[in-house]
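Shown here: upload.txt, compact mmCIF, C-alpha atoms and all ligand atoms.
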```
# COMPACT_ATOMS: atom_id res chain seq x y z
CA MET A 14 -13.07 -10.45 -34.73
CA LEU A 15 -14.79 -12.49 -37.39
CA GLY A 16 -13.84 -16.09 -36.63
CA GLU A 17 -10.05 -16.08 -36.31
CA GLN A 18 -9.54 -12.93 -38.33
CA LYS A 19 -8.92 -9.49 -36.83
CA ILE A 20 -10.89 -6.69 -38.43
CA CYS A 21 -9.94 -3.15 -39.46
CA PHE A 22 -12.54 -0.55 -40.47
CA SER A 23 -12.33 3.09 -41.52
CA GLY A 24 -14.24 5.64 -43.57
CA VAL A 25 -13.82 8.92 -45.39
CA GLN A 26 -16.62 11.32 -46.32
CA PRO A 27 -17.05 12.30 -49.97
CA SER A 28 -17.71 15.84 -48.74
CA GLY A 29 -14.95 17.65 -50.63
CA ASN A 30 -11.62 17.18 -52.31
CA LEU A 31 -9.32 15.14 -50.11
CA THR A 32 -6.41 16.91 -48.45
CA ILE A 33 -2.90 15.88 -47.41
CA GLY A 34 -4.41 15.81 -43.88
CA ASN A 35 -6.77 13.02 -44.95
CA TYR A 36 -3.85 11.32 -46.68
CA LEU A 37 -1.27 11.50 -43.88
CA GLY A 38 -3.71 11.12 -40.99
CA ALA A 39 -5.72 8.27 -42.47
CA ILE A 40 -5.68 6.92 -46.04
CA ARG A 41 -1.94 6.46 -46.42
CA ASN A 42 -1.96 4.21 -43.36
CA PHE A 43 -4.90 2.06 -44.45
CA SER A 44 -2.84 -0.27 -46.67
CA THR A 45 -0.51 -1.15 -43.78
CA PHE A 46 -3.35 -3.17 -42.25
CA SER A 47 -4.19 -5.19 -45.35
CA GLU A 48 -1.89 -8.14 -44.59
CA ALA A 49 -2.67 -8.76 -40.93
CA TYR A 50 -6.35 -7.74 -40.86
CA LYS A 51 -9.51 -8.18 -42.85
CA CYS A 52 -10.09 -4.57 -43.90
CA PHE A 53 -13.26 -2.68 -44.72
CA TYR A 54 -12.82 0.84 -46.13
CA CYS A 55 -16.02 2.71 -46.71
CA VAL A 56 -16.94 5.90 -48.56
CA VAL A 57 -19.38 7.34 -46.01
CA ASP A 58 -21.86 9.23 -48.16
CA GLU A 59 -24.61 9.09 -45.50
CA HIS A 60 -22.34 11.01 -43.12
CA ALA A 61 -21.65 13.61 -45.79
CA ILE A 62 -25.30 14.74 -45.98
CA THR A 63 -25.22 16.00 -42.38
CA VAL A 64 -24.12 19.23 -44.08
CA ARG A 65 -25.75 20.36 -47.32
CA GLN A 66 -24.25 18.81 -50.47
CA THR A 67 -24.96 19.49 -54.11
CA PRO A 68 -26.21 16.11 -55.44
CA ALA A 69 -24.05 16.13 -58.59
CA ASP A 70 -20.96 16.93 -56.52
CA LEU A 71 -21.72 14.23 -53.95
CA ARG A 72 -22.17 11.66 -56.72
CA ARG A 73 -18.91 12.64 -58.46
CA ARG A 74 -16.95 12.71 -55.21
CA THR A 75 -18.17 9.26 -54.26
CA TYR A 76 -16.53 7.85 -57.39
CA GLU A 77 -13.46 10.02 -56.79
CA THR A 78 -13.04 8.89 -53.19
CA LEU A 79 -13.24 5.23 -54.18
CA ALA A 80 -10.68 5.85 -56.97
CA LEU A 81 -8.40 7.62 -54.48
CA TYR A 82 -8.59 4.70 -52.06
CA MET A 83 -7.34 2.46 -54.85
CA ALA A 84 -4.75 4.99 -56.07
CA CYS A 85 -3.37 5.19 -52.52
CA GLY A 86 -2.55 1.50 -52.70
CA LEU A 87 -5.70 -0.27 -51.48
CA ASP A 88 -6.03 -3.40 -53.57
CA PRO A 89 -9.74 -4.28 -53.94
CA GLU A 90 -8.81 -7.96 -53.92
CA LYS A 91 -7.30 -7.64 -50.45
CA ASN A 92 -9.65 -5.02 -48.95
CA THR A 93 -13.41 -4.58 -49.03
CA LEU A 94 -13.94 -1.15 -50.60
CA TYR A 95 -17.52 0.07 -50.78
CA VAL A 96 -20.06 2.88 -50.38
CA GLN A 97 -22.02 3.20 -47.13
CA SER A 98 -25.48 3.82 -48.68
CA HIS A 99 -25.14 0.56 -50.65
CA VAL A 100 -25.31 -1.43 -47.42
CA PRO A 101 -28.61 -0.62 -45.67
CA ALA A 102 -27.55 -2.34 -42.44
CA HIS A 103 -25.54 0.78 -41.49
CA ALA A 104 -28.65 2.94 -41.25
CA GLU A 105 -30.65 0.13 -39.62
CA LEU A 106 -28.15 -0.48 -36.83
CA SER A 107 -27.81 3.26 -36.41
CA TRP A 108 -31.47 3.57 -35.40
CA ILE A 109 -31.06 0.81 -32.84
CA LEU A 110 -27.88 2.32 -31.37
CA ASN A 111 -29.56 5.73 -31.16
CA CYS A 112 -31.65 4.12 -28.46
CA TYR A 113 -28.47 3.10 -26.58
CA THR A 114 -26.73 6.48 -26.81
CA MET A 115 -27.35 9.30 -24.38
CA PHE A 116 -28.26 12.84 -25.35
CA GLY A 117 -25.65 14.12 -22.88
CA GLU A 118 -22.78 12.15 -24.45
CA LEU A 119 -23.62 13.38 -27.95
CA SER A 120 -23.78 16.96 -26.64
CA ARG A 121 -20.16 16.70 -25.55
CA MET A 122 -18.78 15.84 -29.01
CA THR A 123 -16.41 18.61 -30.12
CA GLN A 124 -17.03 17.96 -33.83
CA PHE A 125 -20.75 18.60 -33.24
CA LYS A 126 -19.97 21.85 -31.44
CA ASP A 127 -17.61 22.97 -34.25
CA LYS A 128 -19.93 22.00 -37.09
CA SER A 129 -23.05 23.41 -35.49
CA SER A 130 -21.37 26.78 -35.07
CA LYS A 131 -20.07 26.63 -38.68
CA HIS A 132 -23.49 25.66 -40.06
CA ALA A 133 -25.69 27.58 -37.63
CA ASP A 134 -28.56 27.70 -40.14
CA ASN A 135 -28.68 23.90 -40.40
CA VAL A 136 -28.13 22.25 -37.02
CA ASN A 137 -30.05 19.13 -38.03
CA ALA A 138 -30.60 15.98 -35.98
CA GLY A 139 -28.26 14.03 -38.30
CA LEU A 140 -25.37 16.31 -37.39
CA PHE A 141 -26.10 15.53 -33.74
CA THR A 142 -26.39 11.73 -34.16
CA TYR A 143 -23.49 11.52 -36.65
CA PRO A 144 -21.29 9.62 -34.14
CA VAL A 145 -24.00 6.96 -33.73
CA LEU A 146 -23.92 6.21 -37.46
CA MET A 147 -20.14 6.08 -37.20
CA ALA A 148 -20.41 3.63 -34.28
CA SER A 149 -22.75 1.50 -36.40
CA ASP A 150 -20.24 1.46 -39.27
CA ILE A 151 -17.58 0.18 -36.91
CA LEU A 152 -19.61 -2.25 -34.80
CA LEU A 153 -21.38 -3.95 -37.73
CA TYR A 154 -18.09 -5.59 -38.74
CA GLN A 155 -16.95 -6.64 -35.24
CA THR A 156 -14.04 -4.28 -35.77
CA ASP A 157 -10.84 -4.52 -33.70
CA VAL A 158 -8.98 -1.45 -35.00
CA VAL A 159 -10.02 1.89 -36.49
CA PRO A 160 -7.21 3.91 -38.16
CA VAL A 161 -8.14 7.62 -37.96
CA GLY A 162 -6.66 11.08 -37.39
CA ILE A 163 -6.75 12.41 -33.84
CA ASP A 164 -9.89 14.49 -34.46
CA GLN A 165 -11.89 11.24 -34.62
CA LYS A 166 -10.56 9.75 -31.37
CA GLN A 167 -13.48 11.10 -29.35
CA HIS A 168 -15.96 9.47 -31.74
CA VAL A 169 -14.21 6.09 -31.49
CA GLU A 170 -14.26 6.40 -27.70
CA LEU A 171 -18.00 7.06 -27.80
CA CYS A 172 -18.36 3.99 -30.03
CA ARG A 173 -16.55 1.93 -27.38
CA ASN A 174 -18.94 3.23 -24.71
CA ILE A 175 -21.97 2.35 -26.83
CA ALA A 176 -20.59 -1.16 -27.49
CA GLU A 177 -19.86 -1.72 -23.80
CA ARG A 178 -23.28 -0.46 -22.77
CA PHE A 179 -25.00 -2.75 -25.27
CA ASN A 180 -22.80 -5.71 -24.29
CA GLN A 181 -23.72 -5.19 -20.66
CA VAL A 182 -27.40 -5.72 -21.47
CA PHE A 183 -26.79 -8.31 -24.22
CA PRO A 184 -23.42 -10.01 -23.55
CA ASP A 185 -20.99 -10.83 -26.38
CA THR A 186 -22.72 -8.80 -29.05
CA PHE A 187 -20.00 -6.42 -30.23
CA THR A 188 -16.22 -6.39 -30.35
CA VAL A 189 -15.00 -3.22 -28.59
CA PRO A 190 -12.68 -1.41 -31.07
CA GLU A 191 -9.42 0.52 -30.54
CA PRO A 192 -8.58 3.72 -32.41
CA ILE A 193 -5.19 3.61 -34.19
CA ILE A 194 -3.72 7.09 -34.50
CA PRO A 195 -0.47 7.64 -36.41
CA GLN A 196 2.41 9.10 -34.38
CA ASN A 197 3.35 11.40 -37.20
CA GLY A 198 0.59 13.13 -39.18
CA LYS A 199 -2.30 12.66 -36.76
CA LYS A 200 -3.28 16.31 -37.12
CA ILE A 201 -2.01 18.27 -40.11
CA MET A 202 -2.74 21.96 -39.58
CA SER A 203 -4.08 24.64 -41.91
CA LEU A 204 -1.37 26.48 -43.88
CA ALA A 205 -3.21 29.77 -43.34
CA ASP A 206 -3.85 29.34 -39.61
CA PRO A 207 -1.62 26.64 -38.12
CA THR A 208 -3.63 26.56 -34.88
CA LYS A 209 -6.55 25.04 -36.84
CA LYS A 210 -6.87 21.57 -38.41
CA MET A 211 -6.44 21.43 -42.19
CA SER A 212 -10.00 20.67 -43.23
CA LYS A 213 -11.34 19.87 -46.69
CA SER A 214 -14.38 22.04 -46.01
CA ASP A 215 -12.29 25.19 -45.28
CA GLU A 216 -13.21 28.04 -47.60
CA ASN A 217 -9.68 29.42 -47.81
CA GLN A 218 -7.99 27.50 -50.65
CA ASN A 219 -4.53 28.61 -49.51
CA ALA A 220 -5.09 26.81 -46.20
CA ILE A 221 -5.31 23.40 -47.85
CA VAL A 222 -3.10 21.22 -50.02
CA TYR A 223 -5.21 18.73 -51.91
CA ILE A 224 -3.93 15.27 -52.82
CA LEU A 225 -4.74 16.14 -56.43
CA ASP A 226 -3.15 19.61 -56.57
CA ASP A 227 -0.56 19.96 -59.35
CA ARG A 228 3.10 20.48 -58.59
CA ASP A 229 3.11 24.26 -59.11
CA THR A 230 0.04 24.75 -56.94
CA ILE A 231 1.54 22.63 -54.16
CA ILE A 232 4.80 24.61 -54.22
CA ARG A 233 2.94 27.94 -54.34
CA LYS A 234 0.70 27.02 -51.37
CA PHE A 235 3.67 25.98 -49.23
CA ARG A 236 5.53 29.14 -50.21
CA ARG A 237 2.61 31.18 -48.85
CA ALA A 238 2.22 29.14 -45.66
CA VAL A 239 1.96 31.24 -42.50
CA THR A 240 5.04 30.87 -40.27
CA ASP A 241 6.62 33.20 -37.68
CA SER A 242 9.14 36.02 -37.52
CA ASP A 243 12.02 33.74 -36.51
CA THR A 244 14.28 32.39 -39.28
CA VAL A 245 15.54 29.11 -37.84
CA VAL A 246 13.96 25.80 -38.88
CA ARG A 247 13.42 24.33 -35.44
CA PHE A 248 10.60 22.31 -33.85
CA ALA A 249 9.56 24.31 -30.80
CA GLU A 250 6.63 25.60 -28.83
CA GLY A 251 5.01 28.68 -30.34
CA LYS A 252 6.26 27.84 -33.84
CA ASP A 253 3.00 26.22 -35.00
CA GLY A 254 3.52 26.98 -38.69
CA ILE A 255 7.07 25.63 -38.84
CA ASN A 256 6.15 22.64 -36.64
CA ASN A 257 3.40 21.78 -39.11
CA LEU A 258 5.69 22.08 -42.13
CA MET A 259 8.34 19.98 -40.38
CA THR A 260 5.72 17.34 -39.62
CA ILE A 261 4.66 17.22 -43.27
CA TYR A 262 8.29 17.03 -44.40
CA SER A 263 8.95 14.28 -41.88
CA CYS A 264 5.90 12.27 -43.02
CA PHE A 265 6.98 12.37 -46.66
CA THR A 266 10.73 11.77 -46.12
CA GLY A 267 10.79 9.57 -43.01
CA LYS A 268 13.36 11.96 -41.44
CA ASP A 269 12.97 12.89 -37.77
CA MET A 270 12.87 16.46 -36.45
CA GLU A 271 16.57 16.57 -35.48
CA GLU A 272 17.66 15.44 -38.93
CA ILE A 273 15.46 18.09 -40.49
CA GLU A 274 16.87 20.81 -38.21
CA ARG A 275 20.41 19.76 -39.22
CA GLU A 276 19.54 19.63 -42.91
CA PHE A 277 18.22 23.21 -42.87
CA ALA A 278 20.70 24.73 -40.39
CA GLY A 279 21.83 28.11 -41.70
CA ARG A 280 19.19 28.13 -44.44
CA GLY A 281 16.08 30.30 -44.28
CA TYR A 282 12.37 29.52 -44.31
CA GLY A 283 12.22 30.11 -48.09
CA ASP A 284 14.49 27.14 -48.84
CA PHE A 285 12.66 24.97 -46.37
CA LYS A 286 9.21 25.78 -47.73
CA LEU A 287 10.37 24.96 -51.24
CA ALA A 288 11.75 21.61 -50.04
CA VAL A 289 8.46 20.75 -48.30
CA GLY A 290 6.58 21.55 -51.52
CA GLU A 291 8.93 19.40 -53.58
CA VAL A 292 8.79 16.31 -51.40
CA THR A 293 5.01 16.59 -51.20
CA ALA A 294 4.64 16.93 -54.97
CA ASP A 295 7.07 14.03 -55.57
CA ALA A 296 5.21 11.75 -53.16
CA LEU A 297 1.79 12.57 -54.60
CA ALA A 298 2.72 12.31 -58.29
CA PRO A 299 2.34 8.50 -58.57
CA VAL A 300 -0.94 8.60 -56.62
CA GLN A 301 -2.29 11.24 -59.01
CA ALA A 302 -1.27 9.29 -62.12
CA ARG A 303 -2.92 6.10 -60.92
CA TYR A 304 -6.01 8.05 -59.83
CA ARG A 305 -6.50 9.49 -63.32
CA GLU A 306 -6.41 6.02 -64.87
CA LEU A 307 -8.88 4.63 -62.35
CA LEU A 308 -11.30 7.54 -62.66
CA ALA A 309 -11.40 7.21 -66.43
CA ASP A 310 -12.96 3.76 -66.02
CA LYS A 311 -16.33 4.55 -64.46
CA ALA A 312 -17.78 1.12 -65.24
CA GLY A 313 -14.79 -0.46 -63.50
CA LEU A 314 -15.44 1.65 -60.39
CA GLU A 315 -19.12 0.72 -60.42
CA ALA A 316 -18.25 -2.97 -60.67
CA GLN A 317 -15.93 -2.45 -57.73
CA MET A 318 -18.68 -0.71 -55.72
CA LYS A 319 -21.03 -3.59 -56.37
CA LYS A 320 -18.55 -6.27 -55.39
CA GLY A 321 -17.54 -4.34 -52.25
CA ALA A 322 -21.16 -3.78 -51.21
CA GLU A 323 -21.99 -7.48 -51.59
CA GLU A 324 -19.01 -8.52 -49.49
CA ALA A 325 -19.72 -5.93 -46.81
CA ALA A 326 -23.45 -6.67 -46.71
CA TYR A 327 -22.78 -10.33 -45.98
CA TYR A 328 -20.87 -9.52 -42.76
CA ALA A 329 -23.07 -6.57 -41.81
CA ARG A 330 -26.25 -8.70 -42.03
CA LYS A 331 -24.80 -11.27 -39.66
CA THR A 332 -24.24 -8.69 -36.92
CA LEU A 333 -27.53 -6.91 -37.57
CA SER A 334 -29.54 -10.18 -37.35
CA LYS A 335 -27.80 -11.08 -34.11
CA VAL A 336 -28.66 -7.66 -32.65
CA GLN A 337 -32.28 -7.79 -33.82
CA LYS A 338 -32.74 -11.26 -32.35
CA LYS A 339 -31.28 -10.23 -29.00
CA LEU A 340 -33.54 -7.17 -28.86
CA GLY A 341 -36.65 -9.29 -29.39
CA PHE A 342 -37.48 -8.29 -32.96
CA VAL A 343 -39.46 -11.10 -34.63
CA GLN A 344 -37.35 -12.88 -37.28
CA ILE A 345 -39.24 -13.96 -40.39
CA ARG A 346 -36.33 -14.69 -42.72
P1 LIG B 1 -14.47 17.88 -43.05
O1 LIG B 1 -13.41 18.90 -43.15
O2 LIG B 1 -15.49 17.94 -44.15
O3 LIG B 1 -15.05 17.72 -41.69
P2 LIG B 1 -12.59 15.78 -42.72
O4 LIG B 1 -11.56 15.77 -43.76
O5 LIG B 1 -12.26 16.23 -41.35
O6 LIG B 1 -13.80 16.53 -43.34
P3 LIG B 1 -13.18 12.97 -43.21
O7 LIG B 1 -13.11 13.05 -44.64
O8 LIG B 1 -14.30 12.11 -42.79
O9 LIG B 1 -13.28 14.36 -42.47
O10 LIG B 1 -11.83 12.43 -42.61
C1 LIG B 1 -11.26 11.24 -43.05
C2 LIG B 1 -10.07 10.88 -42.19
O11 LIG B 1 -9.05 11.87 -42.32
C3 LIG B 1 -10.37 10.80 -40.69
O12 LIG B 1 -9.72 9.66 -40.17
C4 LIG B 1 -9.78 12.06 -40.12
O13 LIG B 1 -9.36 11.89 -38.78
C5 LIG B 1 -8.59 12.27 -41.04
N1 LIG B 1 -8.21 13.68 -41.11
C6 LIG B 1 -8.98 14.70 -41.57
N2 LIG B 1 -8.31 15.87 -41.52
C7 LIG B 1 -7.08 15.57 -40.98
C8 LIG B 1 -5.93 16.37 -40.67
N3 LIG B 1 -5.91 17.67 -40.90
N4 LIG B 1 -4.83 15.75 -40.17
C9 LIG B 1 -4.85 14.40 -39.95
N5 LIG B 1 -5.90 13.61 -40.22
C10 LIG B 1 -7.01 14.17 -40.73
N1 LIG B 2 -16.38 10.57 -38.94
C1 LIG B 2 -15.23 10.23 -39.73
C2 LIG B 2 -15.58 9.44 -40.96
C3 LIG B 2 -16.12 8.13 -40.58
C4 LIG B 2 -15.40 7.05 -40.01
C5 LIG B 2 -16.34 6.00 -39.80
C6 LIG B 2 -14.07 6.88 -39.64
C7 LIG B 2 -17.41 7.71 -40.68
N2 LIG B 2 -17.54 6.44 -40.24
C8 LIG B 2 -15.98 4.79 -39.21
C9 LIG B 2 -13.71 5.66 -39.04
C10 LIG B 2 -14.65 4.64 -38.85
C11 LIG B 2 -14.50 11.50 -40.08
O1 LIG B 2 -13.37 11.45 -40.33
N3 LIG B 2 -15.09 12.63 -40.13
```
Give the structure from the file, written as structure tokens.
Ligand code: ATP
Ligand code: LTN
Amino acid sequence: MLGEQKICFSGVQPSGNLTIGNYLGAIRNFSTFSEAYKCFYCVVDEHAITVRQTPADLRRRTYETLALYMACGLDPEKNTLYVQSHVPAHAELSWILNCYTMFGELSRMTQFKDKSSKHADNVNAGLFTYPVLMASDILLYQTDVVPVGIDQKQHVELCRNIAERFNQVFPDTFTVPEPIIPQNGKKIMSLADPTKKMSKSDENQNAIVYILDDRDTIIRKFRRAVTDSDTVVRFAEGKDGINNLMTIYSCFTGKDMEEIEREFAGRGYGDFKLAVGEVTADALAPVQARYRELLADKAGLEAQMKKGAEEAAYYARKTLSKVQKKLGFVQIR
């Protein structure tokens, strides 16, 4: 809470092209909070460098992620949209919270285990303390709700533990946040291996549908999606590929699983895959058009970054000063 206002915070890494998993699990839901909450949506570039990035790509993707936020319906007048590295308080609080986070709890994070096996040549300390920076993002704004996909639930729970631990020593410092996970779309699976999360850093391009893929590419990728040897469109255990496609279809059409089963009764997987591709392409077309306009205006995006960073820094400073004072750091401002 900030005064009377409830706060919503979330972030996306500019670590690759955004997928329909990022869209359905997170970004699409962000605008639903804009009326009832004060919302902060951050492009978390400092998180992205926990794995190696090419500087020119990171820079370009930072602009692109901000443009996509706006293209997905986030009005910069109603939401604070900004870039993490533009607000130094994130990194400052992160150091402090490192000293209130246990080695054992960080060792249990499944994302750390996954990423350290994927990047075995670069298991850096930042990859390990990643969730502490994420906790700092959230706690700096006295956040009440954090809309994320289910893969981030464990990190939000750790953030709650850090906040509670700190509040026990220094009462009333942080609001303890709740994760908000969508019922439908919380974990979109890879099209190539539907037992794995669709991830923007997957090397197999056929596994991923990007928000910015053109219509033909989207339809082709869905046509190639791995399913099973059955032929009936039915949501059931053991049918991971079809379950995933039905979930995507349901997210884009609003239809529930029974309606979808009825709609495709007596029709094969081919028809169904084509329909999933078409509804996805139709839903993404307006986002893509708006995105292109926004990205063409680089100066406009920079002005937006500046305004967002100033707004965010104002609130972030307040929490950081309060924390520093409580800890016994000498205040000279
Ligand atoms: P990477 O693959 O590089 O780890 P990521 O896409 O998992 O990246 P972020 O860009 O930081 O990570 O994720 C942004 C948001 O998208 C988070 O809230 C995350 O939970 C959500 N998200 C990511 N992938 C999926 C998915 N496949 N299904 C649903 N939500 C997802
Ligand atoms: N770790 C998140 C991205 C992220 C985030 C946040 C999400 C960084 N800081 C704060 C919510 C709130 C991920 O999706 N990989």
Cut-off 9 Å, all atoms listed in the file, neighbours of ligand LIG 1 (chain B) as a short mmCIF file (atom, residue, chain, number, x, y, z; two decimals) with C-alpha atoms, keeping the file's coordinate frame:
```cif
data_model
loop_
_atom_site.label_atom_id
_atom_site.label_comp_id
_atom_site.auth_asym_id
_atom_site.auth_seq_id
_atom_site.Cartn_x
_atom_site.Cartn_y
_atom_site.Cartn_z
CA SER A 23 -12.33 3.09 -41.52
CA GLY A 24 -14.24 5.64 -43.57
CA VAL A 25 -13.82 8.92 -45.39
CA GLN A 26 -16.62 11.32 -46.32
CA PRO A 27 -17.05 12.30 -49.97
CA SER A 28 -17.71 15.84 -48.74
CA GLY A 29 -14.95 17.65 -50.63
CA ASN A 30 -11.62 17.18 -52.31
CA LEU A 31 -9.32 15.14 -50.11
CA THR A 32 -6.41 16.91 -48.45
CA ILE A 33 -2.90 15.88 -47.41
CA GLY A 34 -4.41 15.81 -43.88
CA ASN A 35 -6.77 13.02 -44.95
CA TYR A 36 -3.85 11.32 -46.68
CA LEU A 37 -1.27 11.50 -43.88
CA GLY A 38 -3.71 11.12 -40.99
CA ALA A 39 -5.72 8.27 -42.47
CA ILE A 40 -5.68 6.92 -46.04
CA VAL A 56 -16.94 5.90 -48.56
CA VAL A 57 -19.38 7.34 -46.01
CA HIS A 60 -22.34 11.01 -43.12
CA ALA A 61 -21.65 13.61 -45.79
CA VAL A 64 -24.12 19.23 -44.08
CA GLN A 124 -17.03 17.96 -33.83
CA LYS A 128 -19.93 22.00 -37.09
CA VAL A 159 -10.02 1.89 -36.49
CA PRO A 160 -7.21 3.91 -38.16
CA VAL A 161 -8.14 7.62 -37.96
CA GLY A 162 -6.66 11.08 -37.39
CA ILE A 163 -6.75 12.41 -33.84
CA ASP A 164 -9.89 14.49 -34.46
CA GLN A 165 -11.89 11.24 -34.62
CA LYS A 166 -10.56 9.75 -31.37
CA ILE A 194 -3.72 7.09 -34.50
CA PRO A 195 -0.47 7.64 -36.41
CA GLY A 198 0.59 13.13 -39.18
CA LYS A 199 -2.30 12.66 -36.76
CA LYS A 200 -3.28 16.31 -37.12
CA ILE A 201 -2.01 18.27 -40.11
CA MET A 202 -2.74 21.96 -39.58
CA SER A 203 -4.08 24.64 -41.91
CA LYS A 209 -6.55 25.04 -36.84
CA LYS A 210 -6.87 21.57 -38.41
CA MET A 211 -6.44 21.43 -42.19
CA SER A 212 -10.00 20.67 -43.23
CA LYS A 213 -11.34 19.87 -46.69
CA SER A 214 -14.38 22.04 -46.01
CA ASP A 215 -12.29 25.19 -45.28
#
```
Would you mind listing what lies within 7 Å of Cys21 in chain A as a compact mmCIF listing (two decimals) with C-alpha atoms, in the coordinates of the input, with all atoms listed in the file counted and same-chain residues fewer than 6 positions away left out?
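Final output, result-v4.txt:
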```
# COMPACT_ATOMS: atom_id res chain seq x y z
CA TYR A 50 -6.35 -7.74 -40.86
CA LYS A 51 -9.51 -8.18 -42.85
CA CYS A 52 -10.09 -4.57 -43.90
CA PHE A 53 -13.26 -2.68 -44.72
CA THR A 156 -14.04 -4.28 -35.77
CA ASP A 157 -10.84 -4.52 -33.70
CA VAL A 158 -8.98 -1.45 -35.00
CA VAL A 159 -10.02 1.89 -36.49
```
Considering all atoms listed in the file, state which residue in the set A:Val96, A:Met147, A:Arg237, A:Lys339 is at the smallest distance from Lys286 in chain A. A:Arg237
Skipping near chain neighbours, those fewer than 6 positions away, what residues fall within 7 Å of range 77-84 of chain A using all atoms listed in the file, listed as a ChimeraX atom specification? /A:27,56,300,303-304,307-308
With only C-alpha atoms as the basis for distance, which of A:Asn111, A:Thr142, A:Thr75, A:Gln66 is at the shortest distance from Tyr95 in chain A?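 Smallest distance to Tyr95 in chain A is found for A:Thr75.
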Contact residues around His99 in chain A with only C-alpha atoms at 9 Å, ignoring same-chain residues under 3 positions, as a VMD selection string: chain A and resid 95 to 96 318 to 319 322 to 323 326
Starting from the point (-19.7, 1.6, -27.3), work out which residues of protein, DNA or RNA have an atom no more than 9 Å away when counting all atoms listed in the file; state them as a ChimeraX atom specification. /A:113-114,148,152,169-180,187,189-190
Enumerate, as a PyMOL selection string, the protein, DNA and RNA residues whose atoms approach (-1.6, 19.3, -55.2) to within 9 Å, taking into account all atoms listed in the file and the coordinate frame of the file. chain A and resi 32-33+222-232+234+293-294+297-298+301
To one decimal place, how far is CA of Asp70 in chain A from CA of Leu146 in chain A in Å? 22.1 Å
Option closest in space to ligand LIG 2 (chain B), from A:Pro192, A:Gly279, A:Pro299, A:Gly321 [counting all atoms listed in the file]: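 So, comparing all the options, the nearest one is A:Pro192.
Nearest-residue note for Gln97 in chain A: choosing from A:Ala325, A:Val336, A:Val239, A:Ala316, the minimum distance belongs to A:Ala325, counting all atoms listed in the file.
Each of A:Gln167, A:Thr208, A:Gln344, A:Ser130 was compared to ligand LIG 2 (chain B) using only C-alpha atoms and all ligand atoms, and A:Gln167 turns out to be the nearest.
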As a check of understanding: the span from CA of Gln181 in chain A to CA of Leu340 in chain A is 12.9 Å
Using all atoms listed in the file, pick whichever of A:His168, A:Arg41, A:Arg280, A:Arg247 has the shortest atom-to-atom distance to ligand LIG 2 (chain B).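 So, comparing all the options, the nearest one is A:His168.
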Which residues come within 12 Å of Glu276 in chain A, counting only C-alpha atoms, excluding same-chain residues fewer than 6 positions away, as an NGL selection string? :A and (245-247 or 259 or 262-263 or 268-270 or 284-285 or 288)
Those residues with C-alpha atoms, as a compact mmCIF listing (two decimals), in the frame of the given file please?
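Once written, selection_19.txt looks like this:
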```txt
# COMPACT_ATOMS: atom_id res chain seq x y z
CA VAL A 245 15.54 29.11 -37.84
CA VAL A 246 13.96 25.80 -38.88
CA ARG A 247 13.42 24.33 -35.44
CA MET A 259 8.34 19.98 -40.38
CA TYR A 262 8.29 17.03 -44.40
CA SER A 263 8.95 14.28 -41.88
CA LYS A 268 13.36 11.96 -41.44
CA ASP A 269 12.97 12.89 -37.77
CA MET A 270 12.87 16.46 -36.45
CA ASP A 284 14.49 27.14 -48.84
CA PHE A 285 12.66 24.97 -46.37
CA ALA A 288 11.75 21.61 -50.04
```
Measure the distance from CA of Glu274 in chain A to CA of Leu258 in chain A in Å and round it to one decimal.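 Distance reported for this atom pair: 11.9 Å.
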